[in-house]
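Data from query.pdb: PDB, C-alpha atoms
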ATOM      1  CA  VAL A   1     170.008 128.782-158.194
ATOM      2  CA  SER A   2     172.151 129.666-155.231
ATOM      3  CA  VAL A   3     172.676 133.317-154.376
ATOM      4  CA  THR A   4     175.188 134.343-151.735
ATOM      5  CA  ASN A   5     175.727 137.768-150.315
ATOM      6  CA  GLN A   6     179.268 139.111-150.541
ATOM      7  CA  ALA A   7     180.759 141.166-147.712
ATOM      8  CA  PRO A   8     181.380 144.834-148.486
ATOM      9  CA  THR A   9     184.894 146.166-148.923
ATOM     10  CA  ILE A  10     186.328 149.226-147.214
ATOM     11  CA  THR A  11     189.437 151.260-148.063
ATOM     12  CA  ARG A  12     191.189 154.032-146.204
ATOM     13  CA  VAL A  13     191.177 157.509-147.815
ATOM     14  CA  ALA A  14     192.286 159.820-144.997
ATOM     15  CA  PRO A  15     194.421 159.674-143.014
ATOM     16  CA  SER A  16     196.162 157.421-145.494
ATOM     17  CA  GLY A  17     198.277 155.455-143.012
ATOM     18  CA  THR A  18     197.325 153.154-140.164
ATOM     19  CA  ASN A  19     199.388 155.015-137.550
ATOM     20  CA  VAL A  20     198.469 158.667-137.014
ATOM     21  CA  THR A  21     200.156 161.236-134.755
ATOM     22  CA  ALA A  22     198.190 164.192-133.410
ATOM     23  CA  THR A  23     198.528 166.979-130.882
ATOM     24  CA  PRO A  24     196.205 167.293-127.865
ATOM     25  CA  GLY A  25     192.873 168.788-128.873
ATOM     26  CA  GLN A  26     193.520 168.294-132.584
ATOM     27  CA  SER A  27     190.499 167.212-134.617
ATOM     28  CA  ILE A  28     191.036 164.612-137.339
ATOM     29  CA  THR A  29     188.575 163.745-140.103
ATOM     30  CA  PHE A  30     188.612 160.064-141.072
ATOM     31  CA  GLN A  31     187.357 159.122-144.523
ATOM     32  CA  VAL A  32     186.751 155.758-146.157
ATOM     33  CA  ASN A  33     185.466 154.456-149.458
ATOM     34  CA  CYS A  34     183.351 151.330-149.422
ATOM     35  CA  ALA A  35     181.828 149.056-152.043
ATOM     36  CA  ASP A  36     179.449 146.111-152.143
ATOM     37  CA  SER A  37     179.244 143.975-155.287
ATOM     38  CA  ASP A  38     175.657 143.056-154.336
ATOM     39  CA  GLY A  39     174.611 146.735-154.138
ATOM     40  CA  ASN A  40     173.597 146.295-150.501
ATOM     41  CA  LEU A  41     175.616 148.975-148.681
ATOM     42  CA  LYS A  42     173.898 150.194-145.515
ATOM     43  CA  GLU A  43     176.312 152.198-143.347
ATOM     44  CA  VAL A  44     179.790 152.704-141.973
ATOM     45  CA  ASP A  45     179.940 152.228-138.211
ATOM     46  CA  TRP A  46     182.580 154.191-136.288
ATOM     47  CA  TYR A  47     184.154 152.890-133.068
ATOM     48  CA  VAL A  48     186.478 154.518-130.526
ATOM     49  CA  ASN A  49     188.600 151.984-128.613
ATOM     50  CA  GLY A  50     186.082 149.281-129.548
ATOM     51  CA  VAL A  51     183.037 151.250-128.369
ATOM     52  CA  TYR A  52     180.392 152.166-130.959
ATOM     53  CA  ASP A  53     180.164 155.918-131.572
ATOM     54  CA  GLN A  54     177.948 156.513-134.613
ATOM     55  CA  ALA A  55     176.909 155.328-138.078
ATOM     56  CA  THR A  56     177.254 157.155-141.382
ATOM     57  CA  PRO A  57     174.652 156.018-143.965
ATOM     58  CA  VAL A  58     175.849 154.763-147.366
ATOM     59  CA  SER A  59     173.836 152.933-150.017
ATOM     60  CA  GLY A  60     174.052 151.151-153.333
ATOM     61  CA  SER A  61     177.198 149.590-154.737
ATOM     62  CA  SER A  62     179.723 152.202-153.593
ATOM     63  CA  GLY A  63     180.004 155.197-151.355
ATOM     64  CA  SER A  64     182.206 157.170-149.025
ATOM     65  CA  ALA A  65     181.857 158.144-145.402
ATOM     66  CA  SER A  66     183.671 160.545-143.108
ATOM     67  CA  TRP A  67     183.709 161.182-139.381
ATOM     68  CA  SER A  68     185.660 163.628-137.190
ATOM     69  CA  ARG A  69     186.957 163.480-133.652
ATOM     70  CA  ALA A  70     189.231 165.556-131.389
ATOM     71  CA  PHE A  71     191.868 163.717-129.380
ATOM     72  CA  SER A  72     193.416 164.040-125.953
ATOM     73  CA  THR A  73     196.786 162.717-124.801
ATOM     74  CA  GLY A  74     197.232 158.952-125.131
ATOM     75  CA  THR A  75     196.616 156.263-127.731
ATOM     76  CA  THR A  76     193.203 155.788-129.328
ATOM     77  CA  THR A  77     192.079 153.130-131.803
ATOM     78  CA  ILE A  78     189.527 154.238-134.400
ATOM     79  CA  THR A  79     187.669 151.534-136.308
ATOM     80  CA  ALA A  80     185.507 152.006-139.402
ATOM     81  CA  VAL A  81     183.249 149.077-140.330
ATOM     82  CA  ALA A  82     181.333 148.867-143.624
ATOM     83  CA  VAL A  83     177.984 147.098-143.109
ATOM     84  CA  ASP A  84     175.653 145.741-145.794
ATOM     85  CA  LEU A  85     171.867 145.280-145.599
ATOM     86  CA  LEU A  86     172.249 141.590-144.753
ATOM     87  CA  GLY A  87     174.659 142.215-141.866
ATOM     88  CA  LEU A  88     177.987 141.294-143.441
ATOM     89  CA  THR A  89     180.869 143.559-142.487
ATOM     90  CA  ASN A  90     184.446 144.482-143.212
ATOM     91  CA  GLY A  91     186.537 146.965-141.221
ATOM     92  CA  LEU A  92     189.833 148.750-140.822
ATOM     93  CA  ILE A  93     191.577 150.628-138.017
ATOM     94  CA  TRP A  94     193.727 153.662-137.289
ATOM     95  CA  ASN A  95     195.992 153.955-134.248
ATOM     96  CA  VAL A  96     196.077 157.590-133.125
ATOM     97  CA  SER A  97     198.923 158.622-130.796
ATOM     98  CA  VAL A  98     198.774 161.948-129.011
ATOM     99  CA  THR A  99     201.731 163.158-126.991
ATOM    100  CA  ASN A 100     201.978 166.372-125.076
ATOM    101  CA  GLN A 101     205.301 168.126-125.618
ATOM    102  CA  ALA A 102     206.907 170.168-122.861
ATOM    103  CA  PRO A 103     206.726 173.955-123.192
ATOM    104  CA  THR A 104     209.817 176.099-123.713
ATOM    105  CA  ILE A 105     210.768 179.177-121.714
ATOM    106  CA  THR A 106     213.285 181.905-122.518
ATOM    107  CA  ARG A 107     214.632 184.719-120.398
ATOM    108  CA  VAL A 108     213.724 188.252-121.544
ATOM    109  CA  ASN A 109     214.568 190.499-118.589
ATOM    110  CA  PRO A 110     217.000 190.594-116.931
ATOM    111  CA  SER A 111     218.866 189.064-119.827
ATOM    112  CA  GLY A 112     221.672 187.458-117.844
ATOM    113  CA  THR A 113     221.760 184.603-115.364
ATOM    114  CA  ASN A 114     223.600 186.553-112.646
ATOM    115  CA  VAL A 115     222.006 189.844-111.572
ATOM    116  CA  THR A 116     223.342 192.342-109.044
ATOM    117  CA  VAL A 117     220.947 194.712-107.298
ATOM    118  CA  GLY A 118     221.110 196.978-104.269
ATOM    119  CA  PRO A 119     219.214 196.067-101.057
ATOM    120  CA  GLY A 120     215.526 197.017-101.211
ATOM    121  CA  LYS A 121     215.550 197.354-104.989
ATOM    122  CA  ASN A 122     212.717 195.860-107.012
ATOM    123  CA  ILE A 123     213.400 193.796-110.154
ATOM    124  CA  THR A 124     210.797 192.715-112.690
ATOM    125  CA  PHE A 125     211.557 189.359-114.253
ATOM    126  CA  GLN A 126     210.063 188.611-117.662
ATOM    127  CA  VAL A 127     210.022 185.398-119.690
ATOM    128  CA  ASN A 128     208.574 184.277-122.997
ATOM    129  CA  CYS A 129     207.118 180.799-123.219
ATOM    130  CA  ALA A 130     205.795 178.617-126.024
ATOM    131  CA  ASP A 131     204.008 175.292-126.318
ATOM    132  CA  LEU A 132     203.737 173.471-129.653
ATOM    133  CA  ASP A 133     200.554 171.790-128.407
ATOM    134  CA  GLY A 134     198.943 175.148-127.542
ATOM    135  CA  ASN A 135     198.437 174.111-123.922
ATOM    136  CA  LEU A 136     200.183 176.844-121.942
ATOM    137  CA  LYS A 137     198.736 177.146-118.440
ATOM    138  CA  GLU A 138     201.030 179.132-116.145
ATOM    139  CA  VAL A 139     204.556 180.198-115.279
ATOM    140  CA  ASP A 140     205.454 179.185-111.726
ATOM    141  CA  TRP A 141     207.940 181.416-109.883
ATOM    142  CA  TYR A 142     210.205 180.029-107.146
ATOM    143  CA  VAL A 143     212.462 181.837-104.659
ATOM    144  CA  ASN A 144     215.329 179.714-103.322
ATOM    145  CA  GLY A 145     213.462 176.585-104.424
ATOM    146  CA  VAL A 146     210.205 177.530-102.673
ATOM    147  CA  TYR A 147     207.069 178.185-104.738
ATOM    148  CA  ASP A 148     206.037 181.848-104.624
ATOM    149  CA  GLN A 149     203.274 182.358-107.201
ATOM    150  CA  ALA A 150     201.947 181.510-110.657
ATOM    151  CA  THR A 151     201.386 183.856-113.588
ATOM    152  CA  PRO A 152     198.597 182.630-115.914
ATOM    153  CA  VAL A 153     199.466 182.167-119.597
ATOM    154  CA  SER A 154     197.539 180.458-122.396
ATOM    155  CA  GLY A 155     197.658 179.378-126.011
ATOM    156  CA  SER A 156     200.772 178.579-128.017
ATOM    157  CA  SER A 157     202.944 181.515-126.941
ATOM    158  CA  SER A 158     202.846 184.119-124.215
ATOM    159  CA  SER A 159     204.958 186.165-121.856
ATOM    160  CA  ALA A 160     204.905 186.433-118.071
ATOM    161  CA  SER A 161     206.271 188.951-115.596
ATOM    162  CA  TRP A 162     206.916 188.835-111.867
ATOM    163  CA  SER A 163     208.429 191.453-109.561
ATOM    164  CA  ARG A 164     210.371 191.013-106.351
ATOM    165  CA  THR A 165     212.233 193.238-103.878
ATOM    166  CA  PHE A 166     215.499 191.821-102.581
ATOM    167  CA  SER A 167     217.366 192.142 -99.308
ATOM    168  CA  THR A 168     221.106 191.618 -98.782
ATOM    169  CA  GLY A 169     222.381 188.166 -99.730
ATOM    170  CA  THR A 170     222.116 185.766-102.632
ATOM    171  CA  THR A 171     218.703 184.695-103.875
ATOM    172  CA  THR A 172     217.929 182.149-106.576
ATOM    173  CA  VAL A 173     214.879 182.890-108.707
ATOM    174  CA  THR A 174     213.496 180.109-110.877
TER     175      THR A 174
END
Whole structure, structure tokens version:
Amino acid sequence: VSVTNQAPTITRVAPSGTNVTATPGQSITFQVNCADSDGNLKEVDWYVNGVYDQATPVSGSSGSASWSRAFSTGTTTITAVAVDLLGLTNGLIWNVSVTNQAPTITRVNPSGTNVTVGPGKNITFQVNCADLDGNLKEVDWYVNGVYDQATPVSGSSSSASWSRTFSTGTTTVT
């Protein structure tokens, strides 16, 4: 009688596709189903860019395993490997791409591009900003192309204000 151990099988449950897109900081839960015709399931090993991260125990002839991770900007390969008690394996991968999108900024006050003011008058400039990735940091203010100051902002949407007194002449505020 000759008995041979069969390698376990592994199938993707979530995310369902091989290529996954995420936003910076987003957490994704990966889930797999696995089976072993010999009833020898041991664990599912999880790898990040080829480096072992952790194992999720499974046993018997079939099981499922899940694992979560948050991602930063860049491309990350996640590998799930089903392992049986005799060391045979089978795996699958996900390619996770994370891109950081540029924030948007809109003028609130003054509403127009060209503003006229008397010498020595103070104007408060206000903008609204948004970032789909939720990574707002600051609004930088420039006078005639020279950095003046930053106004802290955070989250997905915010507003910022900055005041300035002007003397005679033309000044560009960015």
Write out as an mmCIF file with C-alpha atoms, keeping the file's coordinate frame each polymer residue whose atoms come within 7 Å of A:Ile10, counting all atoms listed in the file; drop sequence neighbours fewer than 5 positions from it.
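Result written to around13.cif:
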data_model
loop_
_atom_site.group_PDB
_atom_site.id
_atom_site.type_symbol
_atom_site.label_atom_id
_atom_site.label_comp_id
_atom_site.auth_asym_id
_atom_site.auth_seq_id
_atom_site.Cartn_x
_atom_site.Cartn_y
_atom_site.Cartn_z
ATOM 1 C CA VAL A 32 186.751 155.758 -146.157
ATOM 2 C CA ASN A 33 185.466 154.456 -149.458
ATOM 3 C CA CYS A 34 183.351 151.330 -149.422
ATOM 4 C CA ALA A 35 181.828 149.056 -152.043
ATOM 5 C CA ALA A 82 181.333 148.867 -143.624
ATOM 6 C CA ASN A 90 184.446 144.482 -143.212
ATOM 7 C CA GLY A 91 186.537 146.965 -141.221
#
Produce a table with one row for each residue of stretch 43-131 of chain A that has an atom at most 10 Å from any atom of stretch 11-18 of chain A, each row naming the nearest atom pair and its distance in Å at one decimal; use only C-alpha atoms; arrange rows by chain and rising residue number; format as a Markdown table.
| residue | atom | partner | partner_atom | distance |
| --- | --- | --- | --- | --- |
| A:Ser64 | CA | A:Val13 | CA | 9.1 |
| A:Ala65 | CA | A:Val13 | CA | 9.6 |
| A:Ser66 | CA | A:Ala14 | CA | 8.8 |
| A:Thr77 | CA | A:Thr18 | CA | 9.9 |
| A:Ile78 | CA | A:Thr18 | CA | 9.8 |
| A:Ala80 | CA | A:Arg12 | CA | 9.1 |
| A:Ala82 | CA | A:Thr11 | CA | 9.5 |
| A:Asn90 | CA | A:Thr11 | CA | 9.7 |
| A:Gly91 | CA | A:Thr11 | CA | 8.6 |
| A:Leu92 | CA | A:Arg12 | CA | 7.7 |
| A:Ile93 | CA | A:Thr18 | CA | 6.6 |
| A:Trp94 | CA | A:Thr18 | CA | 4.6 |
| A:Asn95 | CA | A:Thr18 | CA | 6.1 |
| A:Val96 | CA | A:Thr18 | CA | 8.4 |
Go ahead and write the selection's residues with C-alpha atoms as a short mmCIF file (atom, residue, chain, number, x, y, z; two decimals), keeping the file's coordinate frame.
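Done, and the output landed in selection.cif:
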data_model
loop_
_atom_site.label_atom_id
_atom_site.label_comp_id
_atom_site.auth_asym_id
_atom_site.auth_seq_id
_atom_site.Cartn_x
_atom_site.Cartn_y
_atom_site.Cartn_z
CA SER A 64 182.21 157.17 -149.02
CA ALA A 65 181.86 158.14 -145.40
CA SER A 66 183.67 160.54 -143.11
CA THR A 77 192.08 153.13 -131.80
CA ILE A 78 189.53 154.24 -134.40
CA ALA A 80 185.51 152.01 -139.40
CA ALA A 82 181.33 148.87 -143.62
CA ASN A 90 184.45 144.48 -143.21
CA GLY A 91 186.54 146.96 -141.22
CA LEU A 92 189.83 148.75 -140.82
CA ILE A 93 191.58 150.63 -138.02
CA TRP A 94 193.73 153.66 -137.29
CA ASN A 95 195.99 153.96 -134.25
CA VAL A 96 196.08 157.59 -133.12
#
Please identify all polymer residues within 12 Å of A:Ser37, counting only C-alpha atoms, omitting same-chain residues fewer than 5 positions from it, and present them as a ChimeraX atom specification. /A:4-10,59-63,84
Just want the 7 Å neighbourhood of A:Ser161, counted on only C-alpha atoms, with same-chain residues fewer than 5 positions away dropped. Output as a list of chain:residue names.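 Counting only the stated atoms, we get A:Thr124, A:Phe125, A:Gln126, A:Val127.
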Could you pull the residues within 12 Å of A:Lys137, counting only C-alpha atoms, minus those fewer than 3 positions along the same chain, as a ChimeraX atom specification? /A:102-103,129-131,133-134,140,150-160
Can you work out the spacing between atom CA of A:Tyr142 and atom CA of A:Thr165 in Å, to one decimal?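 It comes out at 13.8 Å.
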I want to know what sits within 8 Å of A:Ser167, based on only C-alpha atoms, with residues of the same chain fewer than 5 positions away left out; could you give that as a ChimeraX atom specification? /A:118-121
Atom CA of A:Thr73 sits from atom CA of A:Tyr47 at a separation of 18.0 Å
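Of the listed residues A:Ser68, A:Thr104, A:Thr171, A:Gln26, the one whose atoms come nearest to A:Glu138 is A:Thr104, with distances taken using all atoms listed in the file.
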Name the closest residue to A:Thr113 among the candidates A:Val48, A:Leu41, A:Val173, A:Ala22; distances are taken between atoms, counting only C-alpha atoms. A:Val173
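Minimum atom-to-atom distances from A:Asn135, A:Gln101, A:Gln54, A:Asn114 to A:Gly25 were compared using only C-alpha atoms, and the lowest value belongs to A:Asn135.
Each of A:Asn109, A:Ile28, A:Thr89, A:Ala55 was compared to A:Phe71 using only C-alpha atoms, and A:Ile28 turns out to be the nearest.
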Find, counting only C-alpha atoms, the residue in A:Val117, A:Ser111, A:Asn49, A:Pro24 that gets nearest to A:Ser72.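 So, comparing all the options, the nearest one is A:Pro24.
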Give, as AutoDock Vina command-line options, the centre coordinates and the x, y and z edge lengths in Å to one decimal for an axis-aligned box around all listed atoms of stretch 85-102 of chain A, padded by 3 Å on each side.
--center_x 189.4 --center_y 155.7 --center_z -134.2 --size_x 41.0 --size_y 34.9 --size_z 28.7
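In this comparison, which uses all atoms listed in the file, the residue of A:Thr56, A:Val51, A:Trp46, A:Ser97 approaching A:Asn19 most closely is A:Ser97.
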Here atom CA of A:Ala70 and atom CA of A:Val20 stand apart by 12.8 Å
Complete the atoms of stretch 139-150 of chain A to all heavy atoms and put them out as a CSV table (one decimal), in the coordinates of the input.
chain,number,residue,atom,x,y,z
A,139,VAL,N,203.1,180.2,-115.6
A,139,VAL,CA,204.6,180.2,-115.3
A,139,VAL,C,204.6,180.2,-113.8
A,139,VAL,O,204.1,181.1,-113.1
A,139,VAL,CB,205.3,181.4,-115.9
A,139,VAL,CG1,206.7,181.5,-115.4
A,139,VAL,CG2,205.2,181.4,-117.4
A,140,ASP,N,205.3,179.2,-113.2
A,140,ASP,CA,205.5,179.2,-111.7
A,140,ASP,C,206.8,179.8,-111.4
A,140,ASP,O,207.8,179.6,-112.0
A,140,ASP,CB,205.4,177.7,-111.2
A,140,ASP,CG,204.1,177.1,-111.4
A,140,ASP,OD1,203.1,177.8,-111.5
A,140,ASP,OD2,204.0,175.8,-111.4
A,141,TRP,N,206.8,180.7,-110.4
A,141,TRP,CA,207.9,181.4,-109.9
A,141,TRP,C,208.4,180.8,-108.5
A,141,TRP,O,207.5,180.7,-107.6
A,141,TRP,CB,207.6,182.9,-109.8
A,141,TRP,CG,207.2,183.5,-111.1
A,141,TRP,CD1,205.9,183.7,-111.5
A,141,TRP,CD2,208.1,184.1,-112.1
A,141,TRP,NE1,206.0,184.3,-112.8
A,141,TRP,CE2,207.3,184.5,-113.1
A,141,TRP,CE3,209.5,184.2,-112.2
A,141,TRP,CZ2,207.8,185.1,-114.3
A,141,TRP,CZ3,210.0,184.8,-113.3
A,141,TRP,CH2,209.1,185.2,-114.4
A,142,TYR,N,209.7,180.6,-108.4
A,142,TYR,CA,210.2,180.0,-107.1
A,142,TYR,C,211.3,180.9,-106.6
A,142,TYR,O,212.1,181.5,-107.4
A,142,TYR,CB,210.8,178.6,-107.4
A,142,TYR,CG,209.7,177.6,-107.7
A,142,TYR,CD1,209.3,177.5,-109.0
A,142,TYR,CD2,209.3,176.7,-106.8
A,142,TYR,CE1,208.3,176.5,-109.4
A,142,TYR,CE2,208.3,175.8,-107.1
A,142,TYR,CZ,207.8,175.7,-108.4
A,142,TYR,OH,206.9,174.7,-108.7
A,143,VAL,N,211.4,181.1,-105.3
A,143,VAL,CA,212.5,181.8,-104.7
A,143,VAL,C,213.2,180.9,-103.8
A,143,VAL,O,212.6,180.3,-102.8
A,143,VAL,CB,211.9,183.0,-103.8
A,143,VAL,CG1,213.0,183.8,-103.1
A,143,VAL,CG2,211.1,184.0,-104.7
A,144,ASN,N,214.5,180.7,-104.1
A,144,ASN,CA,215.3,179.7,-103.3
A,144,ASN,C,214.7,178.3,-103.2
A,144,ASN,O,214.7,177.7,-102.2
A,144,ASN,CB,215.7,180.2,-101.9
A,144,ASN,CG,216.6,181.5,-102.0
A,144,ASN,OD1,217.4,181.6,-102.9
A,144,ASN,ND2,216.4,182.4,-101.1
A,145,GLY,N,214.1,177.9,-104.3
A,145,GLY,CA,213.5,176.6,-104.4
A,145,GLY,C,212.1,176.5,-103.8
A,145,GLY,O,211.5,175.4,-103.9
A,146,VAL,N,211.5,177.6,-103.3
A,146,VAL,CA,210.2,177.5,-102.7
A,146,VAL,C,209.2,178.3,-103.6
A,146,VAL,O,209.5,179.4,-104.0
A,146,VAL,CB,210.2,178.2,-101.3
A,146,VAL,CG1,208.8,178.2,-100.7
A,146,VAL,CG2,211.2,177.5,-100.4
A,147,TYR,N,208.1,177.6,-103.9
A,147,TYR,CA,207.1,178.2,-104.7
A,147,TYR,C,206.6,179.5,-104.2
A,147,TYR,O,206.3,179.6,-103.0
A,147,TYR,CB,205.9,177.2,-104.9
A,147,TYR,CG,204.7,177.8,-105.6
A,147,TYR,CD1,204.7,177.8,-107.0
A,147,TYR,CD2,203.6,178.3,-104.9
A,147,TYR,CE1,203.6,178.3,-107.7
A,147,TYR,CE2,202.5,178.8,-105.6
A,147,TYR,CZ,202.5,178.8,-107.0
A,147,TYR,OH,201.5,179.4,-107.7
A,148,ASP,N,206.5,180.5,-105.0
A,148,ASP,CA,206.0,181.8,-104.6
A,148,ASP,C,204.7,182.2,-105.2
A,148,ASP,O,203.8,182.5,-104.5
A,148,ASP,CB,207.1,182.9,-105.0
A,148,ASP,CG,206.7,184.3,-104.5
A,148,ASP,OD1,206.8,184.5,-103.3
A,148,ASP,OD2,206.2,185.1,-105.3
A,149,GLN,N,204.6,182.1,-106.6
A,149,GLN,CA,203.3,182.4,-107.2
A,149,GLN,C,203.3,181.9,-108.6
A,149,GLN,O,204.3,181.5,-109.2
A,149,GLN,CB,202.9,183.8,-107.1
A,149,GLN,CG,203.7,184.7,-108.1
A,149,GLN,CD,203.2,186.2,-108.1
A,149,GLN,OE1,203.1,186.7,-107.1
A,149,GLN,NE2,203.0,186.7,-109.3
A,150,ALA,N,202.1,181.9,-109.3
A,150,ALA,CA,201.9,181.5,-110.7
A,150,ALA,C,201.4,182.7,-111.4
A,150,ALA,O,200.6,183.5,-110.9
A,150,ALA,CB,201.0,180.3,-110.8
